[in-house]
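Shown here: target_34.cif, mmCIF, C-alpha atoms.
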data_model
loop_
_atom_site.label_atom_id
_atom_site.label_comp_id
_atom_site.auth_asym_id
_atom_site.auth_seq_id
_atom_site.Cartn_x
_atom_site.Cartn_y
_atom_site.Cartn_z
CA MET A 19 0.00 0.00 0.00
CA THR A 20 1.26 3.49 -0.84
CA TYR A 21 2.34 5.54 2.15
CA ARG A 22 0.51 8.84 2.41
CA ASP A 23 1.62 11.50 4.83
CA ASP A 24 -0.69 13.25 7.27
CA ASN A 25 -1.09 16.28 5.01
CA PHE A 26 -2.58 14.11 2.30
CA TYR A 27 -5.35 12.90 4.62
CA ILE A 28 -5.87 16.39 6.03
CA ARG A 29 -6.45 17.67 2.49
CA GLN A 30 -8.87 14.83 1.86
CA VAL A 31 -10.84 15.62 5.01
CA LEU A 32 -10.94 19.33 4.24
CA GLN A 33 -12.20 18.55 0.77
CA GLY A 34 -15.15 16.79 2.33
CA ASN A 35 -13.94 13.21 2.54
CA SER A 36 -14.48 12.74 6.26
CA ALA A 37 -13.77 9.01 5.98
CA ALA A 38 -10.11 9.88 5.35
CA TYR A 39 -9.91 11.03 8.95
CA ALA A 40 -9.97 7.37 9.99
CA ASN A 41 -6.41 7.07 8.66
CA LEU A 42 -5.25 9.89 10.91
CA VAL A 43 -7.02 8.37 13.90
CA GLU A 44 -5.52 4.96 13.16
CA ARG A 45 -2.04 6.42 12.82
CA HIS A 46 -2.03 8.52 15.98
CA LYS A 47 -4.44 6.76 18.33
CA ASP A 48 -1.76 4.90 20.26
CA ILE A 49 0.31 7.94 21.16
CA VAL A 50 -2.71 10.14 21.86
CA PHE A 51 -4.09 7.47 24.15
CA SER A 52 -0.71 6.94 25.74
CA VAL A 53 -0.22 10.67 26.40
CA ILE A 54 -3.62 10.87 28.09
CA LYS A 55 -3.26 7.60 29.97
CA LYS A 56 0.03 8.78 31.46
CA ILE A 57 -1.79 11.72 33.01
CA ILE A 58 -5.21 10.21 33.66
CA HIS A 59 -4.64 6.76 35.00
CA ASP A 60 -8.16 5.50 34.55
CA ARG A 61 -8.26 3.52 31.30
CA LEU A 62 -11.92 4.09 30.50
CA GLU A 63 -11.73 7.79 31.17
CA ALA A 64 -8.53 8.07 29.13
CA GLU A 65 -10.15 6.35 26.18
CA GLU A 66 -13.17 8.63 26.29
CA LEU A 67 -10.95 11.67 26.46
CA ALA A 68 -8.84 10.37 23.56
CA GLN A 69 -12.02 10.12 21.49
CA ASP A 70 -12.96 13.67 22.44
CA VAL A 71 -9.49 14.83 21.44
CA PHE A 72 -9.84 13.32 17.96
CA ILE A 73 -13.29 14.83 17.55
CA SER A 74 -12.18 18.26 18.65
CA ALA A 75 -9.09 18.02 16.41
CA TYR A 76 -11.39 17.13 13.52
CA LYS A 77 -13.57 20.14 14.21
CA SER A 78 -10.62 22.49 14.28
CA LEU A 79 -8.67 20.83 11.49
CA SER A 80 -9.13 23.93 9.36
CA GLN A 81 -7.19 25.89 11.96
CA PHE A 82 -4.20 23.61 11.63
CA GLU A 83 -1.79 25.78 9.68
CA GLY A 84 0.95 23.26 9.18
CA LYS A 85 3.52 25.31 11.09
CA SER A 86 4.35 22.27 13.19
CA LYS A 87 3.79 18.60 12.44
CA PHE A 88 0.18 17.43 12.62
CA SER A 89 1.21 14.86 15.24
CA THR A 90 2.75 17.55 17.47
CA TRP A 91 -0.38 19.67 17.14
CA LEU A 92 -2.58 16.69 17.97
CA TYR A 93 -0.49 15.54 20.95
CA ARG A 94 -0.58 19.05 22.33
CA ILE A 95 -4.38 19.01 22.19
CA ALA A 96 -4.31 15.63 23.95
CA TYR A 97 -1.87 16.87 26.59
CA ASN A 98 -3.90 20.01 27.29
CA ALA A 99 -7.14 18.05 27.47
CA ALA A 100 -5.64 15.59 29.93
CA ILE A 101 -4.10 18.32 32.07
CA SER A 102 -7.30 20.33 32.23
CA LYS A 103 -9.17 17.18 33.14
CA THR A 104 -6.97 16.58 36.15
CA ARG A 105 -6.14 20.03 37.39
CA LYS A 106 -5.48 23.58 36.34
CA PRO A 107 -2.35 23.84 34.21
CA LYS A 108 0.63 24.80 36.24
CA LYS A 109 3.84 26.10 34.77
CA ILE A 110 6.67 24.02 36.03
CA PHE A 111 9.96 25.79 36.30
CA VAL A 112 13.06 23.80 36.88
CA SER A 113 16.31 25.37 37.84
CA ILE A 114 18.86 24.74 35.16
CA ASP A 115 21.53 24.82 37.86
CA ASP A 116 20.35 21.41 38.97
CA PRO A 117 23.37 19.18 39.57
CA PHE A 118 23.94 16.70 36.79
CA ILE A 119 24.63 13.04 37.13
CA GLU A 120 28.25 12.11 37.26
CA THR A 121 29.32 10.28 34.14
CA GLN A 122 31.19 7.74 36.20
CA PHE A 123 28.09 6.90 38.21
CA ILE A 124 26.01 6.25 35.10
CA SER A 125 28.67 4.11 33.48
CA GLN A 126 28.99 2.14 36.69
CA VAL A 127 25.26 1.42 36.94
CA SER A 128 24.85 0.54 33.28
CA GLU A 129 27.86 -1.77 33.43
CA GLN A 130 26.41 -3.46 36.50
CA SER A 131 23.13 -3.89 34.70
CA GLU A 132 24.75 -6.24 32.21
CA ASN A 133 25.12 -8.83 34.95
CA HIS A 134 21.50 -8.59 36.05
CA ASP A 135 18.27 -10.08 34.97
CA LEU A 136 16.68 -7.98 32.23
CA GLU A 137 13.17 -8.83 33.41
CA LYS A 138 13.99 -7.48 36.83
CA GLN A 139 15.44 -4.30 35.39
CA ILE A 140 12.32 -3.71 33.29
CA ASP A 141 10.16 -4.41 36.30
CA THR A 142 12.16 -1.94 38.39
CA LEU A 143 11.95 0.70 35.71
CA TYR A 144 8.21 0.16 35.41
CA LYS A 145 7.79 0.64 39.14
CA ILE A 146 9.89 3.79 39.10
CA MET A 147 7.87 5.17 36.22
CA GLU A 148 4.63 4.45 38.06
CA LYS A 149 5.88 6.49 41.00
CA LEU A 150 6.84 9.48 38.86
CA PRO A 151 4.51 12.47 38.59
CA PRO A 152 2.36 12.08 35.44
CA GLU A 153 4.11 14.84 33.49
CA GLU A 154 7.54 13.38 34.16
CA ASN A 155 6.36 9.92 33.25
CA LEU A 156 5.08 11.37 29.99
CA LEU A 157 8.38 13.13 29.24
CA LEU A 158 10.23 9.87 29.70
CA ASP A 159 7.80 8.03 27.47
CA LEU A 160 7.80 10.64 24.69
CA PHE A 161 11.56 11.00 24.60
CA TYR A 162 12.91 7.51 25.17
CA LYS A 163 10.07 5.39 23.85
CA LYS A 164 8.25 7.41 21.22
CA ASP A 165 11.51 8.98 20.03
CA LEU A 166 10.11 12.50 19.90
CA ARG A 167 12.61 15.33 19.73
CA VAL A 168 13.08 17.67 22.70
CA GLU A 169 11.69 20.53 20.57
CA GLU A 170 8.50 18.58 19.86
CA ILE A 171 8.09 17.65 23.53
CA SER A 172 8.56 21.28 24.43
CA GLU A 173 5.81 22.24 21.99
CA ILE A 174 3.45 19.58 23.32
CA THR A 175 3.94 20.25 27.01
CA GLY A 176 4.52 23.98 26.89
CA LEU A 177 7.79 23.60 28.82
CA THR A 178 10.87 25.35 27.53
CA ILE A 179 13.45 23.24 25.73
CA SER A 180 15.93 23.64 28.57
CA ASN A 181 13.29 22.67 31.13
CA VAL A 182 12.50 19.51 29.17
CA LYS A 183 16.20 18.63 29.11
CA VAL A 184 16.70 19.33 32.80
CA LYS A 185 13.62 17.38 33.78
CA LEU A 186 14.69 14.42 31.67
CA HIS A 187 18.07 14.60 33.25
CA ARG A 188 16.60 14.62 36.76
CA ILE A 189 14.34 11.68 35.99
CA ARG A 190 17.31 9.78 34.65
CA LYS A 191 19.21 10.52 37.80
CA ARG A 192 16.36 9.19 39.91
CA ILE A 193 16.12 6.05 37.79
CA TYR A 194 19.84 5.37 38.06
CA LEU A 195 19.74 5.87 41.80
CA GLU A 196 16.94 3.30 42.03
CA PHE A 197 18.91 0.91 39.86
CA LYS A 198 21.93 1.38 42.06
CA LYS A 199 19.84 0.46 45.08
CA LEU A 200 18.50 -2.59 43.29
CA PHE A 201 21.95 -3.83 42.36
CA GLU A 202 23.34 -3.20 45.83
CA ASN A 203 20.47 -5.16 47.39
CA GLU A 204 21.17 -8.02 45.05
CA TYR A 205 24.84 -8.04 45.97
CA ALA A 206 23.92 -8.03 49.64
CA LYS A 207 21.85 -11.20 49.22
CA MET B 24 27.16 3.37 27.83
CA ASN B 25 28.87 6.31 26.25
CA MET B 26 28.21 9.58 27.96
CA ARG B 27 30.25 12.39 26.54
CA ASN B 28 29.09 14.98 29.01
CA ASN B 29 26.82 15.33 31.98
CA ASN B 30 24.31 17.36 30.04
CA ASP B 31 23.61 14.59 27.57
CA ILE B 32 20.14 13.13 27.91
CA HIS B 33 20.51 10.52 25.20
CA ASP B 34 20.71 7.16 26.81
CA GLU B 35 20.63 3.92 24.88
CA PHE B 36 20.47 1.81 28.02
CA LEU B 37 17.34 3.56 29.26
CA LYS B 38 15.84 3.58 25.80
CA LYS B 39 16.33 -0.16 25.47
CA LEU B 40 14.64 -0.83 28.80
CA ILE B 41 11.73 1.56 28.33
CA ARG B 42 10.93 0.09 24.94
CA GLN B 43 10.42 -3.28 26.53
CA ILE B 44 7.66 -2.00 28.77
CA PRO B 45 4.39 -2.78 27.00
CA ASP B 46 2.38 0.22 25.88
CA ASP B 47 -1.16 0.96 26.88
CA GLN B 48 -3.33 0.78 23.82
CA PRO B 49 -6.87 1.91 23.18
CA SER B 50 -9.58 -0.64 22.47
CA ASP B 51 -9.73 -2.36 19.08
CA ASP B 52 -12.85 -0.50 18.01
CA PHE B 53 -11.40 2.90 18.93
CA VAL B 54 -11.25 4.16 15.35
CA ALA B 55 -14.82 2.99 14.67
CA LYS B 56 -16.05 4.75 17.81
CA VAL B 57 -14.44 8.03 16.77
CA MET B 58 -15.66 7.82 13.19
CA LYS B 59 -19.18 7.14 14.41
CA VAL B 60 -19.26 10.37 16.36
CA ILE B 61 -17.73 12.66 13.76
CA PRO B 62 -20.62 14.73 12.52
CA ALA B 63 -20.89 15.06 8.78
CA THR B 64 -22.58 18.44 9.09
CA SER B 65 -19.67 20.20 10.73
CA LEU B 66 -17.54 19.44 7.69
CA ALA B 67 -19.46 21.69 5.29
CA ASN B 68 -18.84 24.79 7.39
CA LYS B 69 -15.29 23.77 7.84
CA VAL B 70 -14.52 23.49 4.13
CA GLU B 71 -15.75 27.01 3.54
CA LYS B 72 -13.70 28.41 6.38
CA SER B 73 -10.61 26.41 5.67
CA THR B 74 -10.29 27.51 2.08
CA SER B 75 -10.04 31.26 2.67
CA LEU B 76 -6.89 32.72 1.24
CA LYS B 77 -4.96 35.29 3.18
CA TRP B 78 -4.94 38.89 1.96
CA TRP B 79 -1.34 38.71 0.78
CA GLN B 80 -2.11 35.56 -1.19
CA TRP B 81 -4.94 37.40 -2.91
CA GLY B 82 -2.52 40.28 -3.43
CA LEU B 83 -0.02 37.97 -5.13
CA ILE B 84 -2.67 36.53 -7.43
CA ALA B 85 -3.98 40.00 -8.23
CA ALA B 86 -0.47 41.33 -8.92
CA ALA B 87 0.22 38.34 -11.19
CA ILE B 88 -2.99 38.97 -13.12
CA VAL B 89 -2.20 42.66 -13.48
CA ALA B 90 1.34 41.88 -14.59
CA LEU B 91 0.00 39.42 -17.16
CA GLY B 92 -2.51 42.01 -18.37
CA CYS B 93 0.21 44.64 -18.74
CA PHE B 94 2.47 42.17 -20.52
CA ILE B 95 -0.27 41.26 -22.99
CA HIS B 96 -1.16 44.91 -23.54
CA PHE B 97 2.32 46.33 -23.98
CA PHE B 98 3.49 43.59 -26.30
CA ASP B 99 0.18 43.64 -28.13
CA LEU B 100 -0.27 39.91 -27.68
CA LEU B 101 -4.04 40.06 -27.63
CA GLN B 102 -4.17 39.96 -31.42
CA TYR B 103 -2.91 36.38 -31.34
CA PHE B 104 -5.75 35.21 -29.09
CA ILE B 105 -8.73 37.26 -30.27
CA PRO B 106 -9.75 37.41 -33.91
CA LYS B 107 -9.35 40.82 -35.49
CA GLY B 108 -12.44 42.94 -35.59
CA LEU B 109 -14.11 41.26 -32.63
CA PHE B 110 -13.29 43.93 -30.06
CA ASP B 111 -12.17 46.77 -32.26
CA ASP B 112 -14.02 49.36 -30.25
CA PHE B 113 -13.10 47.84 -26.90
CA ASN B 114 -10.29 49.37 -24.91
CA ALA B 115 -9.77 47.75 -21.52
CA PHE B 116 -7.61 50.62 -20.35
CA LEU B 117 -10.45 53.04 -20.97
CA TYR B 118 -12.54 51.17 -18.43
CA ILE B 119 -9.64 50.91 -16.00
CA ASP B 120 -9.18 54.69 -16.37
CA LYS B 121 -12.78 55.18 -15.36
CA LEU B 122 -12.39 52.89 -12.36
CA TYR B 123 -9.16 54.67 -11.47
CA GLY B 124 -11.06 57.93 -11.54
CA ILE B 125 -13.69 56.56 -9.14
CA VAL B 126 -11.08 55.20 -6.75
CA LYS B 127 -9.16 58.50 -6.94
CA VAL B 128 -12.25 60.49 -6.11
CA PHE B 129 -12.82 58.22 -3.14
CA PHE B 130 -9.28 58.58 -1.87
CA ASN B 131 -9.18 62.32 -2.53
CA ILE B 132 -11.51 62.69 0.43
CA PHE B 133 -8.36 62.14 2.45
CA ASP B 134 -6.13 64.89 1.11
CA SER B 135 -2.84 63.48 2.31
CA PHE B 136 -3.51 60.04 0.79
CA THR B 137 -2.44 59.45 -2.79
CA ILE B 138 -2.65 56.28 -4.77
CA GLY B 139 -0.84 55.27 -7.92
CA TYR B 140 -2.20 53.77 -11.11
CA ILE B 141 -0.84 50.23 -10.71
CA PRO B 142 -1.91 49.92 -7.02
CA THR B 143 -5.38 50.97 -8.14
CA ILE B 144 -5.49 48.16 -10.67
CA ILE B 145 -4.25 45.72 -8.03
CA ILE B 146 -6.91 46.86 -5.54
CA ILE B 147 -9.61 46.47 -8.17
CA ALA B 148 -8.28 43.03 -9.11
CA ILE B 149 -8.27 41.96 -5.43
CA GLY B 150 -11.84 43.17 -5.07
CA ILE B 151 -12.98 41.28 -8.14
CA LEU B 152 -11.16 38.12 -7.09
CA TYR B 153 -12.65 38.36 -3.61
CA LEU B 154 -16.17 38.69 -5.00
CA VAL B 155 -15.59 35.82 -7.42
CA ASP B 156 -14.26 33.77 -4.52
CA ARG B 157 -17.23 34.51 -2.25
CA PHE B 158 -19.97 33.95 -4.76
CA ILE B 159 -18.74 31.53 -7.36
CA PHE B 160 -15.61 29.53 -6.54
CA ASN B 161 -16.09 28.96 -2.87
CA LYS B 162 -15.14 25.32 -3.17
CA LEU B 163 -12.86 25.34 -6.18
CA TYR B 164 -10.15 27.61 -4.83
CA PHE B 165 -9.40 25.07 -2.15
CA HIS B 166 -7.08 23.46 -4.67
CA ILE B 167 -5.30 26.74 -5.29
CA ARG B 168 -4.54 27.06 -1.60
CA PHE B 169 -3.08 23.62 -1.21
CA PHE B 170 -1.21 23.32 -4.43
CA ILE B 171 0.22 26.81 -4.63
CA PHE B 172 0.62 27.93 -1.06
CA MET B 173 1.24 24.76 0.93
#
Go ahead and express the file in the form of structure tokens.
Amino acid sequence: MTYRDDNFYIRQVLQGNSAAYANLVERHKDIVFSVIKKIIHDRLEAEELAQDVFISAYKSLSQFEGKSKFSTWLYRIAYNAAISKTRKPKKIFVSIDDPFIETQFISQVSEQSENHDLEKQIDTLYKIMEKLPPEENLLLDLFYKKDLRVEEISEITGLTISNVKVKLHRIRKRIYLEFKKLFENEYAK
Amino acid sequence: MNMRNNNDIHDEFLKKLIRQIPDDQPSDDFVAKVMKVIPATSLANKVEKSTSLKWWQWGLIAAAIVALGCFIHFFDLLQYFIPKGLFDDFNAFLYIDKLYGIVKVFFNIFDSFTIGYIPTIIIIAIGILYLVDRFIFNKLYFHIRFFIFM
């Protein structure tokens, strides 16, 4: 099947072929749902909100000017919808003077990880992610899993680029500290 | 893991682990549910709104038309398209002169404001295009927007 980019389907929808919107929904449903689910933990509620997001994006499709990618625009709608569902949006400012992780420490932990059970590491990471505030969990997911660029994440979340970087760095630090604990406990056994 | 500096957030180790955590996915009939709700009526309004060209885009089209008109006039190319004798008594510039006169009278109300001949033609062309757009080609110019300006 020929690959068509998002703009092709947007044009189709704007020309009156509303069925073409199904392609956009199919393509982006997983990330939209994932973004919302990270903030609203209830599955049913997240799915309903994801549907609302697609409907409201459809209604305002004519306002999409193509300045950013359609996906970024859509994820931002999803993010805002989820945030306003949970609480009033709050600007999060992170000091960029936050101490960074020592290179040696990271290398040490990642080297140690090679000797440990992968399942256990994934399980630990999952638990850490569950404990993270929703926005931080989302940042981690968008950057490391969905491979979105820092600039795109900044556009979606409304955080500045440097804040996104600092927050990601902090989360990483926390994860590595947890891993360190895990490995030390295992050695102690 | 290679970390060149402390500021680097790229982390293959973390990436590898995170990707192994299964993703939450919406239900299988998610797309069908969305498509069921999308109202067909809201689309008609949307098409009309979405196809509006910006003023500068109209300006560009108008300027291009005027330039083409001038080109045809000054190089006397019209004779190749229109059979001789058909419009012998017709002089487009005569009509433009009249329109120019009307516009000038209008702008003369404001003493300090002056307007040149070519801008007058462009303004008239924009006006005509706008009216054509509103009343006749409301749906057709959609293609112009996407294929010329996207």
Between B:Ile145, B:Ala55, B:Leu152, B:Cys93, which has the minimum distance to A:Ala40 (counting all atoms listed in the file)?
B:Ala55
Give me the residues near A:His59 as a PyMOL selection string, where near means some atom within 9 Å (using only C-alpha atoms) and where sequence neighbours in that chain fewer than 5 positions away do not count.
chain A and resi 54+64+152
Filtering to C-alpha atoms, could you give me those residues as a PDB file, keeping the file's coordinate frame?
ATOM      1  CA  ILE A  54      -3.620  10.870  28.090  1.00  0.00           C
ATOM      2  CA  ALA A  64      -8.530   8.070  29.130  1.00  0.00           C
ATOM      3  CA  PRO A 152       2.360  12.080  35.440  1.00  0.00           C
TER       4      PRO A 152
END
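For the pair atom CA of A:Ala75 and atom CA of A:Tyr93, the interatomic distance is 10.0 Å.
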Which residue out of A:Ile179, A:Tyr76, A:Thr90, A:Glu153 has the minimum interatomic distance to A:Asn35 when only C-alpha atoms are used?
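Of A:Ile179, A:Tyr76, A:Thr90, A:Glu153, the one nearest A:Asn35 is A:Tyr76, counting only C-alpha atoms.
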If you measure from atom CA of A:Asp24 to atom CA of A:Arg167, what distance in Å do you get, rounded to one decimal?
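Interatomic distance, atom CA of A:Asp24 to atom CA of A:Arg167: 18.3 Å.
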Selection in question (the file shown): the PyMOL selection byres ((chain A and resi 99) around 10). Which residues does it include, as a ChimeraX atom specification?
/A:54,57,67-68,70-71,93-98,100-104
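Atom CA of A:Thr175 to atom CA of B:His33 spans 19.3 Å [interatomic distance, one decimal].
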